[in-house]
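Source file: my_file23.tsv (TSV, C-alpha atoms)
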```tsv
chain	number	residue	atom	x	y	z
A	1	MET	CA	21.66	9.97	-8.76
A	2	THR	CA	20.09	13.13	-10.21
A	3	GLU	CA	21.22	16.59	-9.27
A	4	ARG	CA	17.92	17.23	-7.52
A	5	LYS	CA	18.28	14.19	-5.30
A	6	GLU	CA	21.89	15.05	-4.49
A	7	HIS	CA	20.82	18.59	-3.62
A	8	HIS	CA	18.24	17.36	-1.12
A	9	ASP	CA	20.67	14.88	0.40
A	10	ASN	CA	23.22	17.64	0.84
A	11	GLU	CA	20.50	19.92	2.15
A	12	LEU	CA	19.68	17.29	4.75
A	13	GLY	CA	23.33	17.34	5.72
A	14	LEU	CA	23.64	13.57	5.62
A	15	GLY	CA	25.85	11.92	3.02
A	16	VAL	CA	24.97	8.29	2.43
A	17	SER	CA	27.31	5.72	0.90
A	18	PRO	CA	26.25	3.94	-2.32
A	19	SER	CA	26.23	0.60	-0.52
A	20	PHE	CA	23.25	1.79	1.52
A	21	ALA	CA	20.87	1.58	-1.48
A	22	GLU	CA	22.47	-1.64	-2.65
A	23	ASP	CA	22.04	-3.35	0.71
A	24	LEU	CA	18.50	-2.04	1.08
A	25	GLY	CA	17.75	-3.69	-2.26
A	26	ALA	CA	19.12	-6.99	-1.00
A	27	ILE	CA	17.11	-6.74	2.23
A	28	PHE	CA	13.81	-5.45	0.90
A	29	GLY	CA	13.89	-6.80	-2.64
A	30	PRO	CA	11.49	-9.57	-3.67
A	31	PRO	CA	12.62	-13.14	-4.15
A	32	GLY	CA	13.04	-13.98	-7.83
A	33	GLN	CA	11.82	-12.23	-10.95
A	34	VAL	CA	8.44	-11.63	-12.50
A	35	PRO	CA	7.71	-14.84	-14.45
A	36	GLU	CA	7.02	-14.84	-18.17
A	37	ASP	CA	3.41	-15.88	-17.81
A	38	VAL	CA	2.67	-12.53	-16.13
A	39	ASP	CA	4.43	-10.74	-19.00
A	40	ARG	CA	2.36	-12.71	-21.52
A	41	ALA	CA	-0.91	-12.01	-19.71
A	42	VAL	CA	-0.25	-8.26	-19.68
A	43	ALA	CA	0.82	-8.27	-23.35
A	44	GLU	CA	-2.32	-10.17	-24.33
A	45	ALA	CA	-4.51	-7.77	-22.33
A	46	ALA	CA	-2.86	-4.83	-24.11
A	47	ARG	CA	-3.43	-6.34	-27.55
A	48	ARG	CA	-7.08	-7.02	-26.78
A	49	HIS	CA	-7.78	-3.63	-25.24
A	50	LEU	CA	-5.83	-1.44	-27.63
A	51	GLY	CA	-6.81	-3.42	-30.70
A	52	ARG	CA	-10.48	-2.67	-30.09
A	53	PRO	CA	-11.81	0.56	-31.61
A	54	PRO	CA	-12.97	2.88	-28.82
A	55	ARG	CA	-16.76	2.86	-28.38
A	56	LYS	CA	-17.00	6.63	-28.36
A	57	LEU	CA	-15.50	6.94	-31.80
A	58	TRP	CA	-17.68	4.41	-33.60
A	59	TRP	CA	-19.61	7.24	-35.25
A	60	VAL	CA	-16.40	8.76	-36.60
A	61	ARG	CA	-15.38	5.45	-38.17
A	62	TRP	CA	-18.90	5.01	-39.47
A	63	ALA	CA	-18.89	8.53	-40.88
A	64	VAL	CA	-15.64	7.95	-42.75
A	65	ALA	CA	-16.97	4.68	-44.17
A	66	ALA	CA	-20.26	6.35	-45.11
A	67	ALA	CA	-18.52	9.25	-46.83
A	68	THR	CA	-16.35	6.85	-48.81
A	69	THR	CA	-19.38	4.81	-49.78
A	70	ALA	CA	-21.30	7.94	-50.73
A	71	ALA	CA	-18.45	9.09	-52.95
A	72	ALA	CA	-18.26	5.67	-54.59
A	73	VAL	CA	-22.02	5.64	-55.19
A	74	ILE	CA	-21.89	9.09	-56.78
A	75	VAL	CA	-19.06	8.06	-59.07
A	76	TRP	CA	-20.81	4.82	-59.96
A	77	THR	CA	-24.22	6.36	-60.71
A	78	VAL	CA	-22.76	9.26	-62.69
A	79	GLY	CA	-20.47	6.93	-64.58
A	80	ILE	CA	-23.05	4.27	-65.49
A	81	PRO	CA	-26.29	6.08	-66.35
A	82	ALA	CA	-27.97	2.94	-67.68
A	83	VAL	CA	-27.83	1.22	-64.29
A	84	ARG	CA	-29.42	3.96	-62.17
A	85	ALA	CA	-32.24	2.78	-59.92
A	86	PRO	CA	-35.69	4.19	-60.71
A	87	ALA	CA	-36.66	7.24	-58.61
A	88	PRO	CA	-39.19	6.51	-55.84
A	89	HIS	CA	-42.50	8.32	-55.62
A	90	ALA	CA	-41.98	12.09	-55.46
A	91	THR	CA	-44.17	12.68	-52.37
A	92	GLN	CA	-42.53	9.88	-50.42
A	93	VAL	CA	-39.10	11.18	-51.32
A	94	ALA	CA	-39.95	14.72	-50.30
A	95	ALA	CA	-41.23	13.55	-46.90
A	96	GLU	CA	-38.18	11.43	-46.30
A	97	MET	CA	-35.88	14.27	-47.33
A	98	ASN	CA	-37.65	16.58	-44.91
A	99	ARG	CA	-37.15	14.16	-42.00
A	100	ALA	CA	-33.57	13.46	-43.03
A	101	ASP	CA	-32.68	17.17	-42.90
A	102	ILE	CA	-31.47	16.72	-39.31
A	103	ASP	CA	-29.81	20.12	-39.00
A	104	ARG	CA	-32.75	21.88	-40.73
A	105	ASN	CA	-30.58	23.76	-43.19
A	106	GLY	CA	-32.79	23.03	-46.16
A	107	ARG	CA	-30.69	20.26	-47.67
A	108	VAL	CA	-29.86	16.68	-46.90
A	109	ASP	CA	-26.19	15.84	-46.90
A	110	ILE	CA	-23.73	13.59	-45.12
A	111	ILE	CA	-23.51	16.16	-42.28
A	112	ASP	CA	-27.07	15.25	-41.34
A	113	ALA	CA	-26.01	11.61	-41.06
A	114	PHE	CA	-23.05	12.57	-38.85
A	115	GLN	CA	-25.31	14.68	-36.61
A	116	LEU	CA	-27.85	11.92	-36.18
A	117	ALA	CA	-25.07	9.43	-35.39
A	118	ARG	CA	-23.66	11.75	-32.72
A	119	HIS	CA	-27.07	12.25	-31.14
A	120	ILE	CA	-27.54	8.50	-30.92
A	121	GLU	CA	-24.02	7.90	-29.57
A	122	SER	CA	-24.33	10.59	-26.91
A	123	ALA	CA	-27.72	9.16	-25.86
A	124	SER	CA	-29.21	12.64	-26.00
A	125	PRO	CA	-33.00	12.95	-26.52
A	126	THR	CA	-34.09	12.11	-30.07
A	127	LYS	CA	-37.02	13.40	-32.11
A	128	ARG	CA	-39.74	11.18	-33.51
A	129	THR	CA	-39.10	12.70	-36.93
A	130	TRP	CA	-35.63	11.14	-36.85
A	131	ASP	CA	-37.24	7.71	-37.20
A	132	ILE	CA	-36.45	7.89	-40.90
A	133	ASN	CA	-37.30	4.28	-41.76
A	134	GLY	CA	-40.49	4.31	-39.66
A	135	ASP	CA	-39.68	1.25	-37.54
A	136	GLY	CA	-40.42	3.04	-34.25
A	137	LEU	CA	-36.77	3.29	-33.29
A	138	VAL	CA	-34.11	5.96	-33.78
A	139	ASN	CA	-30.90	4.02	-34.33
A	140	ARG	CA	-28.11	3.27	-36.76
A	141	ASP	CA	-30.59	2.05	-39.39
A	142	ASP	CA	-31.94	5.59	-39.54
A	143	VAL	CA	-28.41	6.94	-39.85
A	144	ASP	CA	-27.93	4.63	-42.85
A	145	GLN	CA	-31.18	5.89	-44.33
A	146	VAL	CA	-30.06	9.51	-44.00
A	147	ALA	CA	-26.76	8.65	-45.67
A	148	ARG	CA	-28.58	6.95	-48.55
A	149	ALA	CA	-30.88	9.96	-48.88
A	150	ALA	CA	-27.85	12.22	-48.98
A	151	VAL	CA	-26.35	10.44	-51.96
A	152	ARG	CA	-29.57	9.65	-53.85
A	153	LEU	CA	-29.72	11.47	-57.13
A	154	ASN	CA	-33.43	11.97	-57.58
A	155	LYS	CA	-34.17	13.29	-60.97
A	156	GLY	CA	-37.90	12.89	-60.36
A	157	VAL	CA	-38.13	15.39	-57.45
B	1	MET	CA	15.52	5.75	-25.10
B	2	GLU	CA	11.92	6.70	-25.73
B	3	ARG	CA	10.44	8.81	-22.94
B	4	ASP	CA	7.41	7.60	-21.00
B	5	GLU	CA	5.42	10.51	-22.44
B	6	ASP	CA	6.23	9.41	-25.99
B	7	LEU	CA	5.27	5.82	-25.24
B	8	ILE	CA	1.99	7.03	-23.76
B	9	GLU	CA	1.28	9.06	-26.86
B	10	ARG	CA	1.76	5.95	-28.99
B	11	ILE	CA	-0.38	3.86	-26.65
B	12	ASN	CA	-3.14	6.45	-26.97
B	13	ARG	CA	-2.93	5.82	-30.72
B	14	GLY	CA	-3.51	2.12	-30.11
B	15	GLN	CA	0.03	0.77	-30.30
B	16	ALA	CA	0.11	-2.27	-28.01
B	17	GLU	CA	3.85	-2.69	-28.51
B	18	ALA	CA	4.38	0.72	-26.84
B	19	PHE	CA	2.39	-0.45	-23.80
B	20	GLU	CA	4.57	-3.55	-23.56
B	21	ARG	CA	7.66	-1.34	-23.55
B	22	LEU	CA	6.20	0.81	-20.78
B	23	TYR	CA	5.31	-2.33	-18.84
B	24	HIS	CA	8.78	-3.80	-19.07
B	25	ARG	CA	10.32	-0.49	-18.07
B	26	HIS	CA	8.35	-0.26	-14.82
B	27	ARG	CA	7.50	-3.90	-14.14
B	28	ASP	CA	10.32	-4.69	-11.71
B	29	TRP	CA	9.81	-1.46	-9.80
B	30	VAL	CA	6.12	-2.28	-9.36
B	31	TYR	CA	6.95	-5.85	-8.32
B	32	ARG	CA	9.48	-4.68	-5.73
B	33	LEU	CA	6.99	-2.20	-4.30
B	34	ALA	CA	4.13	-4.71	-4.30
B	35	TRP	CA	6.33	-7.25	-2.55
B	36	ARG	CA	7.18	-4.69	0.09
B	37	PHE	CA	3.49	-4.03	0.77
B	38	THR	CA	2.16	-7.56	0.53
B	39	GLY	CA	5.09	-9.58	1.87
B	40	ASN	CA	3.92	-12.44	-0.33
B	41	PRO	CA	5.40	-13.23	-3.77
B	42	GLN	CA	2.20	-14.54	-5.33
B	43	ASP	CA	0.18	-11.60	-4.03
B	44	ALA	CA	2.86	-9.27	-5.34
B	45	LEU	CA	2.63	-10.83	-8.81
B	46	ASP	CA	-1.15	-10.47	-8.75
B	47	VAL	CA	-0.69	-6.81	-7.89
B	48	VAL	CA	1.75	-6.38	-10.78
B	49	GLN	CA	-0.83	-7.70	-13.21
B	50	GLU	CA	-3.71	-5.71	-11.68
B	51	THR	CA	-1.65	-2.53	-11.70
B	52	PHE	CA	-0.92	-2.68	-15.39
B	53	VAL	CA	-4.45	-3.74	-16.29
B	54	TYR	CA	-5.64	-0.72	-14.30
B	55	LEU	CA	-3.24	1.48	-16.27
B	56	LEU	CA	-4.28	-0.13	-19.56
B	57	LYS	CA	-7.92	0.76	-18.99
B	58	LYS	CA	-6.97	4.42	-18.83
B	59	PHE	CA	-6.26	4.32	-22.56
B	60	PRO	CA	-7.05	5.91	-24.89
B	61	GLY	CA	-7.09	9.38	-23.43
B	62	PHE	CA	-4.55	8.94	-20.64
B	63	ARG	CA	-2.41	11.98	-19.82
B	64	LEU	CA	0.67	11.69	-17.65
B	65	THR	CA	0.82	14.73	-15.39
B	66	ALA	CA	3.65	13.48	-13.14
B	67	SER	CA	6.30	10.78	-13.42
B	68	MET	CA	5.13	7.21	-13.99
B	69	THR	CA	6.41	6.15	-10.58
B	70	THR	CA	4.49	8.96	-8.91
B	71	PHE	CA	1.36	7.84	-10.72
B	72	LEU	CA	1.90	4.14	-10.04
B	73	TYR	CA	2.90	4.34	-6.38
B	74	PRO	CA	-0.58	4.94	-4.88
B	75	VAL	CA	-2.10	2.45	-7.32
B	76	VAL	CA	0.29	-0.30	-6.25
B	77	LYS	CA	-0.15	0.57	-2.58
B	78	HIS	CA	-3.95	0.53	-2.82
B	79	LEU	CA	-4.06	-2.75	-4.73
B	80	SER	CA	-1.58	-4.31	-2.32
B	81	LEU	CA	-3.62	-3.24	0.69
B	82	ASN	CA	-6.69	-4.76	-0.94
B	83	VAL	CA	-4.89	-8.04	-1.37
B	84	ARG	CA	-3.68	-7.99	2.22
B	85	ARG	CA	-7.14	-7.12	3.43
B	86	LYS	CA	-8.61	-10.12	1.62
B	87	ARG	CA	-5.90	-12.36	2.97
B	88	THR	CA	-6.09	-11.20	6.61
B	89	GLY	CA	-9.78	-10.30	6.73
B	90	ASN	CA	-8.99	-6.83	8.05
B	91	SER	CA	-10.76	-3.73	6.80
B	92	LEU	CA	-8.93	-1.55	4.30
B	93	ALA	CA	-8.27	1.05	7.00
B	94	GLU	CA	-6.79	-1.55	9.31
B	95	ALA	CA	-4.62	-2.90	6.50
B	96	ALA	CA	-3.39	0.61	5.77
B	97	PHE	CA	-2.25	1.05	9.32
B	98	GLU	CA	-0.39	-2.23	9.40
B	99	GLU	CA	3.30	-1.83	9.19
B	100	ILE	CA	5.12	-2.53	6.02
B	101	PRO	CA	6.30	-6.12	6.44
B	102	ALA	CA	9.52	-6.38	8.40
B	103	PRO	CA	12.60	-7.02	6.29
B	104	LYS	CA	13.63	-10.58	5.76
B	105	ALA	CA	16.69	-11.56	7.76
B	106	PRO	CA	19.63	-11.68	5.37
B	107	GLU	CA	22.91	-13.37	5.98
B	108	SER	CA	25.85	-11.63	7.67
B	109	SER	CA	26.41	-7.88	7.72
B	110	ARG	CA	23.19	-6.74	6.11
B	111	ALA	CA	21.31	-8.21	9.05
B	112	GLU	CA	22.35	-5.24	11.16
B	113	LEU	CA	21.03	-2.74	8.61
B	114	ALA	CA	17.83	-4.77	8.41
B	115	ALA	CA	17.47	-4.59	12.20
B	116	ALA	CA	18.10	-0.84	12.18
B	117	MET	CA	15.49	-0.33	9.45
B	118	ALA	CA	12.99	-2.48	11.32
B	119	SER	CA	13.32	-0.21	14.35
B	120	LEU	CA	12.23	2.87	12.36
B	121	PRO	CA	8.58	3.97	12.47
B	122	SER	CA	6.85	2.61	9.34
B	123	ALA	CA	6.18	6.08	7.90
B	124	GLN	CA	9.89	6.95	8.12
B	125	ARG	CA	10.93	3.55	6.81
B	126	GLU	CA	8.63	3.99	3.82
B	127	VAL	CA	10.19	7.34	2.90
B	128	VAL	CA	13.72	5.93	3.19
B	129	LEU	CA	12.80	3.05	0.89
B	130	MET	CA	11.05	5.30	-1.61
B	131	ARG	CA	14.09	7.54	-1.73
B	132	PHE	CA	16.92	5.00	-1.80
B	133	LEU	CA	15.32	1.84	-3.13
B	134	ASP	CA	12.67	3.20	-5.48
B	135	GLY	CA	14.84	6.11	-6.61
B	136	MET	CA	12.13	8.74	-6.13
B	137	SER	CA	12.83	12.41	-5.53
B	138	LEU	CA	11.43	14.13	-2.45
B	139	GLU	CA	8.85	15.90	-4.61
B	140	GLU	CA	7.75	12.57	-6.08
B	141	ILE	CA	7.58	11.04	-2.60
B	142	ALA	CA	5.47	13.90	-1.30
B	143	THR	CA	3.08	13.72	-4.29
B	144	SER	CA	2.78	9.93	-4.12
B	145	LEU	CA	2.03	9.95	-0.40
B	146	ASP	CA	-0.11	13.06	-0.70
B	147	ILE	CA	1.84	14.85	2.02
B	148	PRO	CA	3.51	18.26	2.02
B	149	LEU	CA	7.08	18.37	0.74
B	150	GLY	CA	8.20	19.60	4.15
B	151	THR	CA	6.70	16.53	5.81
B	152	ALA	CA	8.48	14.22	3.37
B	153	LYS	CA	11.75	16.05	4.05
B	154	SER	CA	11.39	15.88	7.82
B	155	ARG	CA	10.48	12.17	7.77
B	156	LEU	CA	13.55	11.41	5.68
B	157	HIS	CA	15.77	13.67	7.75
B	158	ASN	CA	14.59	12.12	11.04
B	159	ALA	CA	14.94	8.58	9.65
B	160	LEU	CA	18.47	9.16	8.38
B	161	ARG	CA	19.47	10.83	11.62
B	162	LYS	CA	18.22	7.80	13.60
B	163	LEU	CA	20.08	5.43	11.29
B	164	ARG	CA	23.24	7.53	11.52
B	165	ASP	CA	23.07	7.38	15.31
B	166	ASP	CA	22.35	3.65	15.25
B	167	PRO	CA	25.58	1.62	15.57
B	168	ARG	CA	24.03	-1.03	13.33
B	169	ALA	CA	23.76	1.39	10.41
B	170	ARG	CA	26.37	4.05	11.18
B	171	ASP	CA	28.91	2.70	8.71
B	172	TYR	CA	26.66	3.56	5.77
B	173	PHE	CA	27.03	7.27	6.44
B	174	LEU	CA	29.90	9.34	5.14
B	175	GLU	CA	31.67	11.73	7.49
```
Conversion result in structure tokens:
Amino acid sequence: MTERKEHHDNELGLGVSPSFAEDLGAIFGPPGQVPEDVDRAVAEAARRHLGRPPRKLWWVRWAVAAATTAAAVIVWTVGIPAVRAPAPHATQVAAEMNRADIDRNGRVDIIDAFQLARHIESASPTKRTWDINGDGLVNRDDVDQVARAAVRLNKGV
Amino acid sequence: MERDEDLIERINRGQAEAFERLYHRHRDWVYRLAWRFTGNPQDALDVVQETFVYLLKKFPGFRLTASMTTFLYPVVKHLSLNVRRKRTGNSLAEAAFEEIPAPKAPESSRAELAAAMASLPSAQREVVLMRFLDGMSLEEIATSLDIPLGTAKSRLHNALRKLRDDPRARDYFLE
């Protein structure tokens, strides 16, 4: 019994013998124990629910993966000059870069990809210019496009 | 022993094993309470499972602002009343006003205590059980029942006074 509970009992001026709680348990307690199948069902539910990545944070996980990929691409392209992909047409690239500059700070970087992902996740209104790949939708494919634009080393522009 | 708050922190980080620990710590308490409200073992087991699934869905992001028993008490009561309502066909309000099931008749001497408890008004009986069977403090009782602390105190005081004056329960009280 905690001090606080003892204090209130004393305050109430009624001392109760320990057998009171024990006998109440015998009278009001349930028959039997909780069976193992209930334990297993709860454990399984916990594994399923807690094992799933939270929906709200998908963009964070995506962003980490994208940043890692971007870093790997940079290392790969800098390290193996002979294998670089040919630069696309300069005008096309410039237009795409302009649309991909989500935060309008004059450069396209991974932050633009993060911002677009957050806009999509929060279901806030999107701009037509954010349809980077031109398929009529603003979705994760456009986020991928922004990420690719962010890491593209375009010597032709 | 790991505190409930620490287990909750780990559960928020996705550790299912921490949830299982929390479950096993409070499982029997929830079962006992659910049994008291439903009066039916199978219904009580259903309530146990529903209670912890309800708690599970609060993660991640759950913050414990009171004790676990204070948090769980109204959840168990509400789920139990739902089960009783479905079983009896009463509305939820009617189920809430139904008395807590009368104690089962035990053998020998405890029968007298059971009879004395059965004669208490249900609101007073509930407070006695929360205090002495569920091990809750008066503050926890008041918060769980959403009543002022003074009301919880007076219910307990009046219940214990009745039991003390009842020859069937008098022997449980110290001079």
*Test item: chain A residues at most 8 Å from chain B, counting only C-alpha atoms, as a VMD selection string*: chain A and resid 4 to 5 8 12 14 to 17 19 to 31 33 to 34 38 41 to 43 45 to 47 49 to 51 54
*Name all residues at most 7 Å from Ser144 (chain B) (count only C-alpha atoms; drop same-chain ones fewer than 2 positions away) and give them as a PyMOL selection string.*
chain B and resi 70+73-74+140-142+146
*Just give me the gap between CA of Asp142 (chain A) and CA of Asp109 (chain A) in Å, one decimal is fine.*
13.9 Å
*So how far away is CA of Gly32 (chain A) from CA of Glu5 (chain B), in Å?*
29.5 Å
*So how far away is CA of Leu22 (chain B) from CA of Arg40 (chain A), in Å?*
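Computed distance, CA of Arg40 (chain A) to CA of Leu22 (chain B), equals 14.1 Å.
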Would you list the residues near (-31.2, 7.8, -44.5), meaning any protein, DNA or RNA residue with an atom at most 7 Å from that point in file coordinates, counting only C-alpha atoms, as a JSON list (two decimals) with C-alpha atoms, in the frame of the given file?
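File written: result_4.json
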```
[["chain", "number", "residue", "atom", "x", "y", "z"],
["A", 100, "ALA", "CA", -33.57, 13.46, -43.03],
["A", 132, "ILE", "CA", -36.45, 7.89, -40.90],
["A", 142, "ASP", "CA", -31.94, 5.59, -39.54],
["A", 143, "VAL", "CA", -28.41, 6.94, -39.85],
["A", 144, "ASP", "CA", -27.93, 4.63, -42.85],
["A", 145, "GLN", "CA", -31.18, 5.89, -44.33],
["A", 146, "VAL", "CA", -30.06, 9.51, -44.00],
["A", 147, "ALA", "CA", -26.76, 8.65, -45.67],
["A", 148, "ARG", "CA", -28.58, 6.95, -48.55],
["A", 149, "ALA", "CA", -30.88, 9.96, -48.88]]
```
